[in-house]
Amino acid sequence: MSNLSLKIEKSIATLYFDSQEEKVNKLSFDVLHELDLILDEIIKNRDIDILIIKSLKDKIFIAGADINEIKAFKTEDEVYNALMKGDAILNKLENLKIPTIAYINGACMGGGLELALACKYRIATNSNNTKFAFPEIKLGFFPGLGGTQRAPKLIGLINSMDLILTGKNIDANKAYKIGLIDDYFDEGQEEYKIYEFIEKIKNNSKKRVLKKSIFERFKLTRNIIFKKAYKNLQKKVNKDFIAPYKALKVLKDTYDKHFQDGLKVEASAFAQLSVTKESKYLIELFFLSEKIKKDYEKTSNEISTSLVIGNGVMGKGIIWLLSKYLKQTRIKLRNLDKAQNIIGDVAKLYDYFLKSRKMTQAQVDLKLSSLSYTQNFDGLKNIDLAIEAIVENKEQKEELFKKLESCMKDDAIIASNTSSISIEELSKNLQRKENFMGIHFFNPVNKMPLVEIIPNSKTSKKSINTVKQSLIKMGKMPIVVGDCAGFLVNRILLPYLNEAAFILEEGSNITTIDKVLKDFGMPMGPFTLADNVGIDIGYHVSKILNESYGQRMPISNVLIKIYEQKLFGKKSKKGFYDYTNDNTIENKSIYNYTNDIRVVTDEEIQNRCIFIMINEASRCLEENIISDADILDFAMIAGTGFPAYKGGLLKYANFIGIKKIVHELKRFEYLYDKRFEVSKLLLQLEEKNLDFKTGESLWKH
């Protein structure tokens with residue numbers, strides 16, 4: 001056996017998980033087969049009184065199933081048969097006549113949690129690495145080895161739905177409160193605490209309290225729980241993404257069923273989902289995310305000290321991020337009187353960590369104490385990284401970079417958080433161009449994972465690698481993109497926002513356009529997004545793109561008018577919507593700048609807004625702003641919230657068909673103007689009957 005080992009000492013058997021060729025333990029089918037053989041051995045050995053299951057991996061109990069195995073399945077029957085075999089093995093574990101204890105010191109995820117549920121008891125350490133989750137929903141399916149059947153019986157419907165339908169992580173304290181584990185203790189007390197727990201079992205003094213709500217005992221109130229859960233899903237999850245809805249249906253349909261019958265329903269529904277294109281897309285996205293997280297060479301020359309210049313919304317977000325992960329962050333201010341307000345706003349970004357108990361107040365205070373501020377350009381010789389987040393003004397930025405270069409050490413990295421100004425242009429007066437780049441965060445910095453790294457023509461690989469390493473350690477997902485107006489994400493997104501405004505001008509309305517694109521799967525409609533980001537920011541970026549791309553990216557008249565009226569969105573209480581009262585409503589004054597030319601259908605709203613993005617994305621490949629279509633898809637998902645279950649913008653284009661997209665773009669160009677002019681790459685793909693998966697040779701040279 002290469003993954004499991006059994007040690008028996010004084011009638012106590014300890015089963016160790018240690019996958020030999022993996023960094024983490026996975027519940028692969030090979031591992032399940034080994035488990036089956038060991039369980040047979042345990043059943044035959046009458047000298048064993050108790051079984052303890054442990055991991056020999058650091059910080060990991062069992063990370064879940066082997067996703068590569070799920071990815072490889074082609075048919076529902078294959079999946080169903082494999083799951084039923086797995087169920088039989090976990091049932092064998094559950095039906096052992098002796099007490100079974102899962103000792104969890106590290107991540108206990110997916111199939112690993114399902115295995116733990118098949119044990120009679122679960123105990124854990126309160127280490128920061130000890131986390132419990134059913135993350136399968138993020139891959140387009142749900143727990144498939146009894147999780148939907150065992151969890152409700154142990155922790156009740158409401159707690160089970162909270163875990164299964166969201167994929168969220170919980171710590172040992174929360175797991176204990178909901179009854180998922182029977183005890184937890186400090187790391188390092190393992191030997192004593194396990195012995196103490198065994199003694200309680202032997203003395204029958206360890207009684208498990210099932211955490212079921214009284215409301216789920218009765219069919220009437222149980223149905224109310226399911227209806228409320230369904231309504232909550234509708235608010236948060238697009239109906240096109242069927243996995244959470246299917247999981248809820250399984251929980252509902254199997255609640256009163258015999259356990260074995262429930263397992264069959266679970267396996268059948270899981271099998272249906274696991275072979276869908278949505279699941280395949282999400283699995284590919286998972287592997288791509290893992291690849292991005294490892295896309296750097298480890299170096300000891302890490303960034304530990306930083307400087308931030310600019311303290312608007314973006315600046316404060318960057319200050320918060322750097323304070324959380326670096327030893328020291330210095331803030332350059334024009335006016336020292338603003339210092340306390342800025343630090344107060346940064347402190348508010350830690351509120352989530354305090355409320356969720358991911359950090360203590362003492363830990364937050366320690367992070368905030370690493371912040372210092374200065375009005376001058378002194379004390380900067382020990383700074384490793386300076387990030388500028390001031391207004392989008394080329395001359396002001398260039399003057400600032402020149403000053404920074406004269407005050408900082410020779411190998412210090414200087415970066416701009418500009419969202420649209422050319423990095424090459426900003427670097428032209430610098431002496432040490434190799435240390436300069438764009439590091440473009442997305443708002444809000446504390447929530448958006450994507451970061452665009454934009455080198456100039458002289459930026460060194462060493463500087464890029466150093467920044468990548470630090471950003472990945474900060475939990476960000478950095479991608480390197482070419483230098484152009486708007487870079488990658490904003491260049492593709494702004495035409496989408498502008499097209500929504502053009503449609504509005506023609507006679508549609510704000511709510512309809514937002515609803516159509518939200519129903520498509522975007523996290524919010526384009527006008528809600530514009531109001532959240534700030535219409536002033538959107539206008540300035542649109543202006544820069546218009547100057548760079550001309551007729552292809554005109555600014556809609558309605559955007560110009562509301563900018564001139566200083567309707568900047570949420571920050572000014574009015575934008576496309578009116579936020580002056582508790583109920584957000586359309587800002588009717590916007591219709592003073594629109595016409596009743598024609599009725600635009602829902603299909604046309606969707607196609608004009610999405611296809612114009614596909615067209616611009618194809619130009620980004622064509623111009624080598626990015627060369628990997630999968631990374632472009634990832635960027636649009638992580639940077640704009642494009643629905644992950646659709647695979648990303650270009651996979652969606654492949655699904656719709658290049659011929660249809662080209663045909664529609666030509667029609668829109670005829671009806672409207674040059675902003676729909678079809679890219680050369682799309683025309684080539686259509687001519688050669690290729691798409692963004694099969695036509696890579698057309699843009700990769």
# chains A, B, ... in the order shown; residues from 1 in each chain; ligands from 1
$ select_by_dssp --residues "segment 195-238 of chain A" --states "alpha helix (DSSP H)" --output "PyMOL selection string"
chain A and resi 195-202+219-236
$ write_last_selection --atoms "N, CA and C atoms" --output "mmCIF file, in the first residue's frame"
data_model
loop_
_atom_site.group_PDB
_atom_site.id
_atom_site.type_symbol
_atom_site.label_atom_id
_atom_site.label_comp_id
_atom_site.auth_asym_id
_atom_site.auth_seq_id
_atom_site.Cartn_x
_atom_site.Cartn_y
_atom_site.Cartn_z
ATOM 1 N N TYR A 195 -6.126 10.801 23.990
ATOM 2 C CA TYR A 195 -6.246 9.798 25.059
ATOM 3 C C TYR A 195 -7.458 10.118 25.952
ATOM 4 N N GLU A 196 -7.605 11.392 26.295
ATOM 5 C CA GLU A 196 -8.732 11.825 27.133
ATOM 6 C C GLU A 196 -10.059 11.535 26.436
ATOM 7 N N PHE A 197 -10.121 11.785 25.122
ATOM 8 C CA PHE A 197 -11.352 11.559 24.362
ATOM 9 C C PHE A 197 -11.681 10.064 24.311
ATOM 10 N N ILE A 198 -10.653 9.236 24.121
ATOM 11 C CA ILE A 198 -10.854 7.779 24.091
ATOM 12 C C ILE A 198 -11.413 7.289 25.423
ATOM 13 N N GLU A 199 -10.878 7.822 26.519
ATOM 14 C CA GLU A 199 -11.358 7.424 27.847
ATOM 15 C C GLU A 199 -12.838 7.764 28.026
ATOM 16 N N LYS A 200 -13.259 8.927 27.499
ATOM 17 C CA LYS A 200 -14.675 9.321 27.583
ATOM 18 C C LYS A 200 -15.555 8.341 26.801
ATOM 19 N N ILE A 201 -15.056 7.907 25.650
ATOM 20 C CA ILE A 201 -15.818 6.943 24.844
ATOM 21 C C ILE A 201 -15.936 5.620 25.599
ATOM 22 N N LYS A 202 -14.811 5.173 26.169
ATOM 23 C CA LYS A 202 -14.812 3.895 26.905
ATOM 24 C C LYS A 202 -15.757 3.931 28.101
ATOM 25 N N LYS A 219 -42.934 18.361 8.365
ATOM 26 C CA LYS A 219 -42.916 18.570 6.914
ATOM 27 C C LYS A 219 -43.283 19.998 6.537
ATOM 28 N N LEU A 220 -44.281 20.562 7.196
ATOM 29 C CA LEU A 220 -44.749 21.911 6.867
ATOM 30 C C LEU A 220 -43.634 22.936 7.065
ATOM 31 N N THR A 221 -43.022 22.920 8.256
ATOM 32 C CA THR A 221 -41.960 23.896 8.537
ATOM 33 C C THR A 221 -40.690 23.583 7.743
ATOM 34 N N ARG A 222 -40.480 22.300 7.448
ATOM 35 C CA ARG A 222 -39.314 21.916 6.645
ATOM 36 C C ARG A 222 -39.448 22.488 5.231
ATOM 37 N N ASN A 223 -40.653 22.438 4.698
ATOM 38 C CA ASN A 223 -40.890 23.006 3.360
ATOM 39 C C ASN A 223 -40.647 24.511 3.341
ATOM 40 N N ILE A 224 -40.950 25.169 4.450
ATOM 41 C CA ILE A 224 -40.684 26.616 4.551
ATOM 42 C C ILE A 224 -39.175 26.869 4.483
ATOM 43 N N ILE A 225 -38.412 26.001 5.167
ATOM 44 C CA ILE A 225 -36.940 26.117 5.136
ATOM 45 C C ILE A 225 -36.440 25.984 3.698
ATOM 46 N N PHE A 226 -36.957 24.986 2.971
ATOM 47 C CA PHE A 226 -36.518 24.770 1.587
ATOM 48 C C PHE A 226 -36.917 25.938 0.684
ATOM 49 N N LYS A 227 -38.123 26.463 0.873
ATOM 50 C CA LYS A 227 -38.582 27.601 0.051
ATOM 51 C C LYS A 227 -37.717 28.829 0.290
ATOM 52 N N LYS A 228 -37.377 29.070 1.551
ATOM 53 C CA LYS A 228 -36.526 30.219 1.880
ATOM 54 C C LYS A 228 -35.131 30.041 1.277
ATOM 55 N N ALA A 229 -34.607 28.819 1.353
ATOM 56 C CA ALA A 229 -33.275 28.535 0.784
ATOM 57 C C ALA A 229 -33.296 28.753 -0.726
ATOM 58 N N TYR A 230 -34.397 28.348 -1.380
ATOM 59 C CA TYR A 230 -34.516 28.520 -2.831
ATOM 60 C C TYR A 230 -34.546 30.005 -3.189
ATOM 61 N N LYS A 231 -35.293 30.793 -2.426
ATOM 62 C CA LYS A 231 -35.367 32.237 -2.684
ATOM 63 C C LYS A 231 -34.008 32.899 -2.480
ATOM 64 N N ASN A 232 -33.281 32.460 -1.468
ATOM 65 C CA ASN A 232 -31.928 32.999 -1.231
ATOM 66 C C ASN A 232 -31.001 32.674 -2.397
ATOM 67 N N LEU A 233 -31.130 31.458 -2.947
ATOM 68 C CA LEU A 233 -30.327 31.082 -4.108
ATOM 69 C C LEU A 233 -30.654 31.975 -5.303
ATOM 70 N N GLN A 234 -31.939 32.208 -5.514
ATOM 71 C CA GLN A 234 -32.363 33.037 -6.646
ATOM 72 C C GLN A 234 -31.768 34.445 -6.574
ATOM 73 N N LYS A 235 -31.619 34.957 -5.350
ATOM 74 C CA LYS A 235 -31.055 36.296 -5.173
ATOM 75 C C LYS A 235 -29.564 36.327 -5.502
ATOM 76 N N LYS A 236 -28.876 35.217 -5.234
ATOM 77 C CA LYS A 236 -27.412 35.210 -5.316
ATOM 78 C C LYS A 236 -26.840 34.455 -6.511
#
$ residues_around --residues "segment 591-599 of chain A" --least-positions-apart "3" --cutoff "7 Å" --atoms "only C-alpha atoms" --output "ChimeraX atom specification"
/A:504-508,558,588
$ write_last_selection --atoms "N, CA, C and O atoms" --output "mmCIF file, in the first residue's frame"
data_model
loop_
_atom_site.group_PDB
_atom_site.id
_atom_site.type_symbol
_atom_site.label_atom_id
_atom_site.label_comp_id
_atom_site.auth_asym_id
_atom_site.auth_seq_id
_atom_site.Cartn_x
_atom_site.Cartn_y
_atom_site.Cartn_z
ATOM 1 N N LEU A 504 -29.205 52.636 -24.006
ATOM 2 C CA LEU A 504 -30.070 53.489 -23.192
ATOM 3 C C LEU A 504 -30.492 54.734 -23.972
ATOM 4 O O LEU A 504 -31.659 55.140 -23.937
ATOM 5 N N GLU A 505 -29.557 55.316 -24.680
ATOM 6 C CA GLU A 505 -29.853 56.518 -25.473
ATOM 7 C C GLU A 505 -30.926 56.271 -26.524
ATOM 8 O O GLU A 505 -31.701 57.160 -26.868
ATOM 9 N N GLU A 506 -30.970 55.026 -27.026
ATOM 10 C CA GLU A 506 -31.900 54.727 -28.117
ATOM 11 C C GLU A 506 -33.344 54.579 -27.654
ATOM 12 O O GLU A 506 -34.258 54.582 -28.482
ATOM 13 N N GLY A 507 -33.545 54.379 -26.358
ATOM 14 C CA GLY A 507 -34.925 54.273 -25.901
ATOM 15 C C GLY A 507 -35.195 53.151 -24.925
ATOM 16 O O GLY A 507 -36.325 52.993 -24.451
ATOM 17 N N SER A 508 -34.185 52.326 -24.608
ATOM 18 C CA SER A 508 -34.386 51.315 -23.569
ATOM 19 C C SER A 508 -34.324 52.010 -22.212
ATOM 20 O O SER A 508 -34.222 53.240 -22.141
ATOM 21 N N VAL A 558 -24.789 60.150 -23.226
ATOM 22 C CA VAL A 558 -25.409 60.122 -21.894
ATOM 23 C C VAL A 558 -24.334 60.097 -20.801
ATOM 24 O O VAL A 558 -24.488 60.724 -19.744
ATOM 25 N N LYS A 588 -34.469 59.351 -12.725
ATOM 26 C CA LYS A 588 -35.304 59.705 -13.883
ATOM 27 C C LYS A 588 -34.721 60.854 -14.706
ATOM 28 O O LYS A 588 -35.017 60.983 -15.893
#
$ select_by_dssp --residues "segment 563-649 of chain A" --states "strand (DSSP E or B)" --output "ChimeraX atom specification"
/A:569,574,577-578,585-586
$ write_last_selection --atoms "all heavy atoms" --output "compact mmCIF listing (two decimals), in the first residue's frame"
# COMPACT_ATOMS: atom_id res chain seq x y z
N GLY A 569 -22.39 58.69 -9.27
CA GLY A 569 -22.77 57.38 -8.76
C GLY A 569 -22.96 57.40 -7.26
O GLY A 569 -23.37 58.41 -6.69
N LYS A 574 -26.05 60.11 -6.42
CA LYS A 574 -26.83 60.00 -7.65
C LYS A 574 -25.92 59.66 -8.81
O LYS A 574 -24.81 60.19 -8.93
CB LYS A 574 -27.57 61.31 -7.96
CG LYS A 574 -28.86 61.51 -7.19
CD LYS A 574 -29.64 62.71 -7.70
CE LYS A 574 -30.93 62.92 -6.91
NZ LYS A 574 -31.69 64.08 -7.42
N TYR A 577 -28.60 55.61 -10.92
CA TYR A 577 -29.63 55.39 -9.90
C TYR A 577 -29.56 56.50 -8.87
O TYR A 577 -28.54 57.20 -8.74
CB TYR A 577 -29.43 54.03 -9.22
CG TYR A 577 -29.70 52.84 -10.12
CD1 TYR A 577 -28.67 52.23 -10.83
CD2 TYR A 577 -30.98 52.34 -10.28
CE1 TYR A 577 -28.90 51.15 -11.67
CE2 TYR A 577 -31.24 51.25 -11.11
CZ TYR A 577 -30.20 50.66 -11.80
OH TYR A 577 -30.44 49.59 -12.63
N ASP A 578 -30.65 56.63 -8.12
CA ASP A 578 -30.76 57.63 -7.05
C ASP A 578 -30.61 56.90 -5.72
O ASP A 578 -31.41 56.01 -5.39
CB ASP A 578 -32.12 58.33 -7.15
CG ASP A 578 -32.25 59.50 -6.18
OD1 ASP A 578 -31.64 59.44 -5.10
OD2 ASP A 578 -32.97 60.46 -6.51
N ILE A 585 -33.61 53.77 -6.54
CA ILE A 585 -34.51 53.85 -7.69
C ILE A 585 -33.77 54.44 -8.89
O ILE A 585 -32.70 55.03 -8.73
CB ILE A 585 -35.77 54.70 -7.38
CG1 ILE A 585 -35.35 56.11 -6.92
CG2 ILE A 585 -36.65 54.02 -6.34
CD1 ILE A 585 -36.50 57.09 -6.78
N GLU A 586 -34.34 54.26 -10.08
CA GLU A 586 -33.76 54.88 -11.27
C GLU A 586 -33.70 56.39 -11.08
O GLU A 586 -34.60 57.00 -10.51
CB GLU A 586 -34.63 54.60 -12.50
CG GLU A 586 -34.46 53.23 -13.10
CD GLU A 586 -35.25 53.08 -14.41
OE1 GLU A 586 -35.93 54.05 -14.80
OE2 GLU A 586 -35.17 52.02 -15.02
$ residues_around --residues "segment 361-376 of chain A" --least-positions-apart "4" --cutoff "10 Å" --atoms "only C-alpha atoms" --output "PyMOL selection string"
chain A and resi 305-308+319-320+322-336+339-340+343-344+346-347+350-351+353-354+357+380
$ residues_around --residues "Phe141 of chain A" --least-positions-apart "4" --cutoff "10 Å" --atoms "only C-alpha atoms" --output "ChimeraX atom specification"
/A:135-137,164-165,242-244,246-247,269-276,278-279,282
$ residues_around --residues "segment 658-671 of chain A" --least-positions-apart "5" --cutoff "6 Å" --atoms "only C-alpha atoms" --output "number ranges by chain"
A: 676-677, 686
$ write_last_selection --atoms "N, CA, C and O atoms" --output "PDB file, in the first residue's frame"
ATOM      1  N   PHE A 676     -18.359  48.518 -34.002  1.00  0.00           N
ATOM      2  CA  PHE A 676     -18.602  47.081 -34.180  1.00  0.00           C
ATOM      3  C   PHE A 676     -17.767  46.469 -35.307  1.00  0.00           C
ATOM      4  O   PHE A 676     -17.972  45.317 -35.662  1.00  0.00           O
ATOM      5  N   GLU A 677     -16.833  47.226 -35.842  1.00  0.00           N
ATOM      6  CA  GLU A 677     -16.019  46.694 -36.941  1.00  0.00           C
ATOM      7  C   GLU A 677     -15.315  45.410 -36.505  1.00  0.00           C
ATOM      8  O   GLU A 677     -14.643  45.368 -35.477  1.00  0.00           O
ATOM      9  N   GLU A 686     -13.196  32.777 -38.616  1.00  0.00           N
ATOM     10  CA  GLU A 686     -14.396  32.386 -39.368  1.00  0.00           C
ATOM     11  C   GLU A 686     -13.999  31.744 -40.704  1.00  0.00           C
ATOM     12  O   GLU A 686     -14.519  30.690 -41.082  1.00  0.00           O
TER      13      GLU A 686
END
$ residues_around --residues "Phe441 of chain A" --least-positions-apart "4" --cutoff "7 Å" --atoms "only C-alpha atoms" --output "ChimeraX atom specification"
/A:417,445,450-452
$ write_last_selection --atoms "N, CA and C atoms" --output "compact mmCIF listing (two decimals), in the first residue's frame"
# COMPACT_ATOMS: atom_id res chain seq x y z
N ASN A 417 -0.38 52.33 -10.26
CA ASN A 417 -1.68 51.64 -10.26
C ASN A 417 -2.61 52.25 -11.30
N VAL A 445 -10.01 46.56 -3.55
CA VAL A 445 -8.75 45.81 -3.46
C VAL A 445 -8.86 44.63 -2.49
N LEU A 450 -7.80 39.66 -8.87
CA LEU A 450 -6.94 39.88 -10.04
C LEU A 450 -6.05 41.10 -9.88
N VAL A 451 -4.81 40.97 -10.34
CA VAL A 451 -3.89 42.11 -10.46
C VAL A 451 -3.20 42.00 -11.82
N GLU A 452 -3.21 43.09 -12.59
CA GLU A 452 -2.49 43.13 -13.87
C GLU A 452 -1.10 43.71 -13.63
$ residues_around --residues "segment 635-639 of chain A" --least-positions-apart "5" --cutoff "12 Å" --atoms "only C-alpha atoms" --output "JSON, numbers by chain"
{"A": [281, 282, 285, 288, 289, 292, 440, 441, 442, 443, 444, 445, 447, 448, 449, 450, 451, 452, 453, 476, 477, 478, 479, 480, 481, 487, 488, 489, 490, 491, 492, 493, 521, 522, 523, 610, 613, 614, 617, 626, 628, 629, 630, 644, 645, 646, 647, 648, 649, 650, 651, 652]}
$ atom_distance --atom1 "atom CA of Lys570 of chain A" --atom2 "atom CA of Lys518 of chain A"
19.1 Å
$ atom_distance --atom1 "atom CA of Leu51 of chain A" --atom2 "atom CA of Asn173 of chain A"
24.1 Å
$ closest_residue --among "A:Pro643, A:Gly575, A:Pro554, A:Pro152" --to "Lys674 of chain A" --atoms "only C-alpha atoms"
A:Pro554
$ closest_residue --among "A:Lys249, A:Lys10, A:Lys291, A:Lys461" --to "Phe142 of chain A" --atoms "only C-alpha atoms"
A:Lys249
$ closest_residue --among "A:Ser55, A:Ser5, A:Gln684, A:Ser304" --to "Ser470 of chain A" --atoms "only C-alpha atoms"
A:Ser304
$ closest_residue --among "A:Ala88, A:Leu248, A:Ala63, A:Ile421" --to "Phe132 of chain A" --atoms "only C-alpha atoms"
A:Ala63
$ atom_distance --atom1 "atom CA of Ala653 of chain A" --atom2 "atom CA of Asp519 of chain A"
17.5 Å
